[in-house]
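Below is the file run20.cif, which contains mmCIF, C-alpha atoms.
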data_model
#
loop_
_atom_site.label_atom_id
_atom_site.label_comp_id
_atom_site.auth_asym_id
_atom_site.auth_seq_id
_atom_site.Cartn_x
_atom_site.Cartn_y
_atom_site.Cartn_z
CA MET Y 299 132.90 122.22 95.90
CA ASP Y 300 130.83 124.50 98.15
CA LEU Y 301 133.74 126.45 99.70
CA PRO Y 302 131.68 129.05 101.63
CA ARG Y 303 129.72 126.25 103.36
CA ILE Y 304 132.89 124.29 104.17
CA ALA Y 305 134.61 127.46 105.48
CA GLN Y 306 131.61 128.23 107.73
CA GLU Y 307 131.43 124.66 109.05
CA THR Y 308 135.19 124.68 109.70
CA CYS Y 309 134.84 127.98 111.60
CA ASN Y 310 131.98 126.49 113.69
CA ASN Y 311 134.13 123.45 114.45
CA LEU Y 312 136.99 125.74 115.53
CA VAL Y 313 134.70 127.71 117.86
CA HIS Y 314 133.38 124.48 119.45
CA TYR Y 315 136.95 123.24 119.87
CA LEU Y 316 138.17 126.47 121.49
CA THR Y 317 135.17 126.34 123.85
CA TYR Y 318 136.14 122.77 124.75
CA GLN Y 319 139.74 123.88 125.45
CA ALA Y 320 138.47 126.83 127.53
CA CYS Y 321 136.21 124.51 129.52
CA ARG Y 322 139.13 122.13 130.10
CA GLU Y 323 141.24 125.05 131.34
CA ILE Y 324 138.56 126.20 133.83
CA ALA Y 325 138.08 122.60 134.97
CA ALA Y 326 141.86 122.32 135.62
CA GLN Y 327 141.79 125.57 137.62
CA LEU Y 328 138.81 124.36 139.69
CA GLN Y 329 140.45 120.99 140.32
CA GLU Y 330 143.25 122.81 142.12
CA THR Y 331 141.23 125.50 143.88
CA ASN Y 332 137.76 124.09 144.44
CA PRO Y 333 137.29 120.31 144.03
CA ALA Y 334 133.52 120.45 144.72
CA GLU Y 335 132.96 122.93 141.89
CA TYR Y 336 135.26 120.85 139.67
CA ILE Y 337 133.05 117.79 140.20
CA TRP Y 338 129.92 119.85 139.55
CA LEU Y 339 131.34 121.16 136.25
CA GLN Y 340 132.44 117.67 135.18
CA GLN Y 341 128.94 116.35 135.84
CA PHE Y 342 127.36 119.26 133.97
CA THR Y 343 129.72 118.66 131.01
CA ALA Y 344 128.86 114.94 130.98
CA GLN Y 345 125.18 115.87 130.65
CA HIS Y 346 125.48 118.68 128.07
CA SER Y 347 127.44 118.17 124.88
CA LEU Y 348 130.30 120.56 124.13
CA GLN Y 349 129.79 119.64 120.46
CA ARG Y 350 127.10 122.34 120.51
CA SER Y 351 129.09 124.91 122.43
CA ASP Y 352 126.54 127.72 122.40
CA GLU Y 353 123.74 125.55 123.74
CA TYR Y 354 126.19 124.28 126.37
CA LEU Y 355 127.10 127.82 127.42
CA ALA Y 356 123.45 128.98 127.37
CA MET Y 357 122.49 126.13 129.74
CA LEU Y 358 125.52 126.78 131.96
CA TYR Y 359 124.75 130.52 131.97
CA ARG Y 360 121.33 129.79 133.50
CA GLN Y 361 122.74 127.63 136.28
CA ARG Y 362 126.18 129.14 136.90
CA PRO Y 363 126.65 132.46 135.09
CA ASP Y 364 130.04 132.92 136.80
CA LEU Y 365 131.45 129.71 135.28
CA ALA Y 366 129.91 130.43 131.87
CA LEU Y 367 131.49 133.89 131.89
CA ARG Y 368 134.89 132.43 132.81
CA ILE Y 369 134.72 129.96 129.90
CA MET Y 370 133.60 132.72 127.51
CA THR Y 371 136.50 134.92 128.67
CA VAL Y 372 139.05 132.13 128.20
CA ARG Y 373 137.81 131.18 124.70
CA THR Y 374 138.03 134.86 123.72
CA HIS Y 375 141.66 134.94 124.96
CA LEU Y 376 142.46 131.77 123.03
CA VAL Y 377 141.03 133.03 119.74
CA GLU Y 378 142.83 136.38 120.21
CA ASP Y 379 146.11 134.77 121.25
CA PHE Y 380 146.83 132.26 118.54
CA SER Y 381 144.18 132.15 115.81
CA ASP Y 382 146.41 134.32 113.60
CA ALA Y 383 149.07 131.60 113.73
CA LEU Y 384 146.66 128.78 112.79
CA PRO Y 385 146.63 129.22 108.97
CA GLU Y 386 150.41 128.87 108.70
CA MET Y 387 150.53 126.08 111.31
CA SER Y 388 147.80 124.07 109.57
CA ARG Y 389 149.27 124.62 106.08
CA THR Y 390 152.68 123.42 107.30
CA SER Y 391 151.14 120.52 109.17
CA ILE Y 392 149.15 119.29 106.12
CA HIS Y 393 152.13 119.80 103.81
CA GLN Y 394 154.44 117.77 106.10
CA ALA Y 395 151.83 115.05 106.70
CA ASN Y 396 151.25 114.69 102.93
CA LEU Y 397 155.01 114.44 102.30
CA LYS Y 398 155.41 111.85 105.06
CA LEU Y 399 152.54 109.74 103.64
CA ARG Y 400 153.99 109.90 100.11
CA ARG Y 401 157.45 108.92 101.41
CA GLU Y 402 156.03 105.97 103.39
CA MET Y 403 154.11 104.82 100.33
CA LEU Y 404 157.22 105.08 98.17
CA GLU Y 405 159.19 103.02 100.71
CA HIS Y 406 156.38 100.48 100.82
CA LEU Y 407 156.30 100.24 97.02
CA THR Y 408 160.10 99.88 96.86
CA GLN Y 409 160.05 97.09 99.45
CA THR Y 410 157.20 95.32 97.61
CA SER Y 411 159.06 95.70 94.32
CA ASP Y 412 162.35 94.42 95.85
CA ALA Y 413 160.48 91.42 97.31
CA SER Y 414 158.93 90.65 93.89
CA LEU Y 415 162.32 90.85 92.19
CA GLU Y 416 163.85 88.51 94.79
CA ALA Y 417 160.93 86.10 94.43
CA GLY Y 418 161.31 86.30 90.64
CA GLY Y 419 165.09 85.72 90.90
CA GLY Y 420 164.59 82.65 93.08
CA SER Y 421 162.15 80.91 90.72
CA MET X 221 147.68 128.25 130.65
CA ASP X 222 149.84 126.18 128.30
CA LEU X 223 149.20 128.18 125.12
CA PRO X 224 151.73 126.41 122.83
CA ARG X 225 150.14 123.03 123.69
CA ILE X 226 146.59 124.34 123.15
CA ALA X 227 147.63 125.98 119.84
CA GLN X 228 149.17 122.70 118.63
CA GLU X 229 146.14 120.64 119.66
CA THR X 230 143.83 123.16 117.95
CA CYS X 231 145.94 122.93 114.78
CA ASN X 232 145.75 119.10 114.90
CA ASN X 233 141.98 119.32 115.33
CA LEU X 234 141.77 121.66 112.32
CA VAL X 235 143.83 119.26 110.16
CA HIS X 236 141.59 116.32 111.16
CA TYR X 237 138.50 118.39 110.39
CA LEU X 238 139.77 119.48 106.95
CA THR X 239 140.60 115.84 106.17
CA TYR X 240 137.04 114.90 107.15
CA GLN X 241 135.66 117.63 104.85
CA ALA X 242 137.96 116.48 102.01
CA CYS X 243 136.82 112.87 102.49
CA ARG X 244 133.17 114.01 102.43
CA GLU X 245 133.83 115.88 99.19
CA ILE X 246 135.43 112.85 97.50
CA ALA X 247 132.57 110.65 98.75
CA ALA X 248 130.03 113.09 97.21
CA GLN X 249 131.91 113.01 93.89
CA LEU X 250 132.01 109.19 93.91
CA GLN X 251 128.33 108.97 94.79
CA GLU X 252 127.56 110.70 91.48
CA THR X 253 130.19 109.08 89.28
CA ASN X 254 130.90 105.64 90.75
CA PRO X 255 128.38 104.26 93.30
CA ALA X 256 130.37 101.05 93.90
CA GLU X 257 133.50 103.02 94.89
CA TYR X 258 131.32 105.32 97.00
CA ILE X 259 130.05 102.32 98.99
CA TRP X 260 133.59 100.97 99.34
CA LEU X 261 134.85 104.33 100.71
CA GLN X 262 131.88 104.61 103.11
CA GLN X 263 132.64 101.13 104.46
CA PHE X 264 136.34 101.92 104.78
CA THR X 265 135.50 105.16 106.65
CA ALA X 266 133.15 103.30 108.99
CA GLN X 267 136.03 100.96 109.91
CA HIS X 268 138.84 103.56 110.23
CA SER X 269 138.34 106.66 112.35
CA LEU X 270 138.81 110.05 110.68
CA GLN X 271 139.55 111.40 114.19
CA ARG X 272 143.12 110.21 113.52
CA SER X 273 143.35 111.51 109.98
CA ASP X 274 146.95 110.50 109.26
CA GLU X 275 146.43 106.89 110.34
CA TYR X 276 143.25 106.89 108.25
CA LEU X 277 145.13 108.15 105.18
CA ALA X 278 148.06 105.78 105.73
CA MET X 279 145.66 102.80 105.79
CA LEU X 280 143.75 104.09 102.76
CA TYR X 281 147.05 104.73 100.93
CA ARG X 282 147.93 101.02 101.24
CA GLN X 283 144.60 99.85 99.85
CA ARG X 284 143.64 102.62 97.44
CA PRO X 285 146.49 105.10 96.85
CA ASP X 286 144.40 106.89 94.19
CA LEU X 287 141.64 107.75 96.70
CA ALA X 288 144.14 108.70 99.42
CA LEU X 289 145.89 111.06 96.97
CA ARG X 290 142.57 112.66 96.00
CA ILE X 291 141.69 113.32 99.65
CA MET X 292 145.21 114.70 100.32
CA THR X 293 144.88 116.99 97.29
CA VAL X 294 141.47 118.30 98.38
CA ARG X 295 142.56 118.97 101.98
CA THR X 296 145.56 120.90 100.63
CA HIS X 297 143.19 123.00 98.48
CA LEU X 298 140.93 123.65 101.46
CA VAL X 299 143.75 124.80 103.75
CA GLU X 300 145.14 127.02 100.96
CA ASP X 301 141.74 128.42 100.01
CA PHE X 302 140.28 129.64 103.25
CA SER X 303 142.54 129.09 106.26
CA ASP X 304 143.65 132.74 106.05
CA ALA X 305 140.03 133.79 106.60
CA LEU X 306 139.54 131.56 109.65
CA PRO X 307 141.12 133.80 112.35
CA GLU X 308 138.82 136.72 111.55
CA MET X 309 135.78 134.44 111.06
CA SER X 310 136.33 132.66 114.38
CA ARG X 311 137.03 135.90 116.28
CA THR X 312 133.81 137.45 114.93
CA SER X 313 131.88 134.26 115.60
CA ILE X 314 133.03 134.04 119.23
CA HIS X 315 132.48 137.76 119.80
CA GLN X 316 128.91 137.60 118.42
CA ALA X 317 128.10 134.38 120.31
CA ASN X 318 129.36 135.90 123.58
CA LEU X 319 127.27 139.05 123.00
CA LYS X 320 124.17 136.96 122.20
CA LEU X 321 124.64 134.88 125.37
CA ARG X 322 125.06 138.00 127.52
CA ARG X 323 121.94 139.59 125.96
CA GLU X 324 119.87 136.45 126.52
CA MET X 325 121.05 136.30 130.13
CA LEU X 326 120.18 139.97 130.66
CA GLU X 327 116.69 139.39 129.21
CA HIS X 328 116.29 136.33 131.42
CA LEU X 329 117.36 138.30 134.51
CA THR X 330 115.02 141.19 133.62
CA GLN X 331 112.08 138.79 133.19
CA THR X 332 112.88 137.06 136.47
CA SER X 333 113.21 140.39 138.19
CA ASP X 334 109.89 141.65 136.69
CA ALA X 335 108.17 138.44 137.78
CA SER X 336 109.56 138.87 141.32
CA LEU X 337 108.37 142.48 141.42
CA GLU X 338 104.91 141.44 140.24
CA ALA X 339 104.79 138.62 142.76
CA GLY X 340 105.95 141.04 145.43
CA GLY X 341 103.36 143.64 144.38
CA GLY X 342 100.55 141.08 144.51
CA SER X 343 101.36 139.92 148.02
#
Turn this file's structure into structure tokens for me.
Amino acid sequence: MDLPRIAQETCNNLVHYLTYQACREIAAQLQETNPAEYIWLQQFTAQHSLQRSDEYLAMLYRQRPDLALRIMTVRTHLVEDFSDALPEMSRTSIHQANLKLRREMLEHLTQTSDASLEAGGGS
Amino acid sequence: MDLPRIAQETCNNLVHYLTYQACREIAAQLQETNPAEYIWLQQFTAQHSLQRSDEYLAMLYRQRPDLALRIMTVRTHLVEDFSDALPEMSRTSIHQANLKLRREMLEHLTQTSDASLEAGGGS
């Protein structure tokens, strides 16, 4: 398993996702304060994929450096504010999800087994 | 800014992404050891979205508990192995990307300004 590659790709995914959240935050602010700018940003975002967040920001920077800077500032705040909590949150989340799946499977197996026993008893 | 909500959504995104990476890893192993199972898993993954990783695993668990358990085991390894490194990696990544964008914008502005000066000088 190529762990360094997977770690780097996971980091890239996290950066794209935080940029998406930052963009959503700025869009929500504009929707309240400046509907025309909100529509402009929505149209820009429909045309340029946030899946490649740095290309998105580079294009936005050329057309509206003020908006690009606001998004860059917000994503910096987000990564500073809660990235330290993410390892523990994601570990707990995966642990609980795995437990829940195993419990559901056990219940499913028990029901299937009960049904087989009943079917066997009735024959 | 609703930080707890954004933190939770970012955690969910991270869990989905690690499940996707775990699924990719198991698919790569099957491709080498058991091509028929590899094709089966690829077809299953085409029909069930990994964007909702727990629904995906619950469905897989009912049809192939062995494969679901392998993916759950790998995603647990991934989150244990490198999630502690992610905060620093993502902070550095965002910091460097922001610097690069600002430098590119400065170079762009300088070129535009030089071009204007030259155009002005030639008139």
Which residues of stretch 231-340 of chain X sit at most 8 Å from stretch 312-315 of chain Y, using all atoms listed in the file? Give each one's shortest atom pair and distance in Å (one decimal place), in chain and ascending residue order, as a tab-separated table.
residue	atom	partner	partner_atom	distance
X:Asn233	CA	Y:Tyr315	CA	7.8
X:Leu234	CA	Y:Leu312	CA	7.1
X:Ser310	CA	Y:Val313	CA	6.3
X:Ser313	CA	Y:Val313	CA	7.5
X:Ile314	CA	Y:Val313	CA	6.7
Using only C-alpha atoms, please write the residues we just selected to a file, as an mmCIF file, in the coordinates of the input.
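Result went into result.cif, see below:
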data_model
loop_
_atom_site.group_PDB
_atom_site.id
_atom_site.type_symbol
_atom_site.label_atom_id
_atom_site.label_comp_id
_atom_site.auth_asym_id
_atom_site.auth_seq_id
_atom_site.Cartn_x
_atom_site.Cartn_y
_atom_site.Cartn_z
ATOM 1 C CA ASN X 233 141.980 119.320 115.330
ATOM 2 C CA LEU X 234 141.770 121.660 112.320
ATOM 3 C CA SER X 310 136.330 132.660 114.380
ATOM 4 C CA SER X 313 131.880 134.260 115.600
ATOM 5 C CA ILE X 314 133.030 134.040 119.230
#
Can you turn the PyMOL selection byres ((chain Y) within 9 of (chain X)) into a concrete residue list for this file, as a PDB file with C-alpha atoms, in the coordinates of the input?
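result22.pdb written:
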ATOM      1  CA  MET Y 299     132.900 122.220  95.900  1.00  0.00           C
ATOM      2  CA  LEU Y 301     133.740 126.450  99.700  1.00  0.00           C
ATOM      3  CA  PRO Y 302     131.680 129.050 101.630  1.00  0.00           C
ATOM      4  CA  ILE Y 304     132.890 124.290 104.170  1.00  0.00           C
ATOM      5  CA  ALA Y 305     134.610 127.460 105.480  1.00  0.00           C
ATOM      6  CA  GLN Y 306     131.610 128.230 107.730  1.00  0.00           C
ATOM      7  CA  THR Y 308     135.190 124.680 109.700  1.00  0.00           C
ATOM      8  CA  CYS Y 309     134.840 127.980 111.600  1.00  0.00           C
ATOM      9  CA  ASN Y 310     131.980 126.490 113.690  1.00  0.00           C
ATOM     10  CA  ASN Y 311     134.130 123.450 114.450  1.00  0.00           C
ATOM     11  CA  LEU Y 312     136.990 125.740 115.530  1.00  0.00           C
ATOM     12  CA  VAL Y 313     134.700 127.710 117.860  1.00  0.00           C
ATOM     13  CA  TYR Y 315     136.950 123.240 119.870  1.00  0.00           C
ATOM     14  CA  LEU Y 316     138.170 126.470 121.490  1.00  0.00           C
ATOM     15  CA  GLN Y 319     139.740 123.880 125.450  1.00  0.00           C
ATOM     16  CA  GLU Y 323     141.240 125.050 131.340  1.00  0.00           C
ATOM     17  CA  ASP Y 352     126.540 127.720 122.400  1.00  0.00           C
ATOM     18  CA  LEU Y 355     127.100 127.820 127.420  1.00  0.00           C
ATOM     19  CA  ALA Y 356     123.450 128.980 127.370  1.00  0.00           C
ATOM     20  CA  TYR Y 359     124.750 130.520 131.970  1.00  0.00           C
ATOM     21  CA  ARG Y 360     121.330 129.790 133.500  1.00  0.00           C
ATOM     22  CA  PRO Y 363     126.650 132.460 135.090  1.00  0.00           C
ATOM     23  CA  LEU Y 367     131.490 133.890 131.890  1.00  0.00           C
ATOM     24  CA  MET Y 370     133.600 132.720 127.510  1.00  0.00           C
ATOM     25  CA  THR Y 371     136.500 134.920 128.670  1.00  0.00           C
ATOM     26  CA  ARG Y 373     137.810 131.180 124.700  1.00  0.00           C
ATOM     27  CA  THR Y 374     138.030 134.860 123.720  1.00  0.00           C
ATOM     28  CA  LEU Y 376     142.460 131.770 123.030  1.00  0.00           C
ATOM     29  CA  VAL Y 377     141.030 133.030 119.740  1.00  0.00           C
ATOM     30  CA  GLU Y 378     142.830 136.380 120.210  1.00  0.00           C
ATOM     31  CA  ASP Y 379     146.110 134.770 121.250  1.00  0.00           C
ATOM     32  CA  PHE Y 380     146.830 132.260 118.540  1.00  0.00           C
ATOM     33  CA  SER Y 381     144.180 132.150 115.810  1.00  0.00           C
ATOM     34  CA  ASP Y 382     146.410 134.320 113.600  1.00  0.00           C
ATOM     35  CA  ALA Y 383     149.070 131.600 113.730  1.00  0.00           C
ATOM     36  CA  LEU Y 384     146.660 128.780 112.790  1.00  0.00           C
ATOM     37  CA  PRO Y 385     146.630 129.220 108.970  1.00  0.00           C
ATOM     38  CA  GLU Y 386     150.410 128.870 108.700  1.00  0.00           C
ATOM     39  CA  MET Y 387     150.530 126.080 111.310  1.00  0.00           C
ATOM     40  CA  SER Y 388     147.800 124.070 109.570  1.00  0.00           C
ATOM     41  CA  ARG Y 389     149.270 124.620 106.080  1.00  0.00           C
ATOM     42  CA  SER Y 391     151.140 120.520 109.170  1.00  0.00           C
ATOM     43  CA  ILE Y 392     149.150 119.290 106.120  1.00  0.00           C
ATOM     44  CA  HIS Y 393     152.130 119.800 103.810  1.00  0.00           C
ATOM     45  CA  ALA Y 395     151.830 115.050 106.700  1.00  0.00           C
ATOM     46  CA  ASN Y 396     151.250 114.690 102.930  1.00  0.00           C
ATOM     47  CA  LEU Y 399     152.540 109.740 103.640  1.00  0.00           C
ATOM     48  CA  ARG Y 400     153.990 109.900 100.110  1.00  0.00           C
ATOM     49  CA  GLU Y 402     156.030 105.970 103.390  1.00  0.00           C
ATOM     50  CA  MET Y 403     154.110 104.820 100.330  1.00  0.00           C
ATOM     51  CA  HIS Y 406     156.380 100.480 100.820  1.00  0.00           C
TER      52      HIS Y 406
END
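In this model, the gap between atom CA of X:Leu287 and atom CA of X:Ala247 comes to 9.7 Å.
Picture a line from atom CA of X:Ile291 to atom CA of X:Thr265; it runs 12.4 Å.
One finds atom CA of X:Leu270 at 6.3 Å from atom CA of X:Tyr240.
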Edge lengths and centre, in Å to one decimal, as lines of an AutoDock Vina configuration file: that's what I need for the box along x, y and z that holds all listed atoms of stretch 324-327 of chain X plus 4 Å on each side.
center_x = 118.9
center_y = 138.1
center_z = 128.6
size_x = 12.4
size_y = 11.7
size_z = 12.1
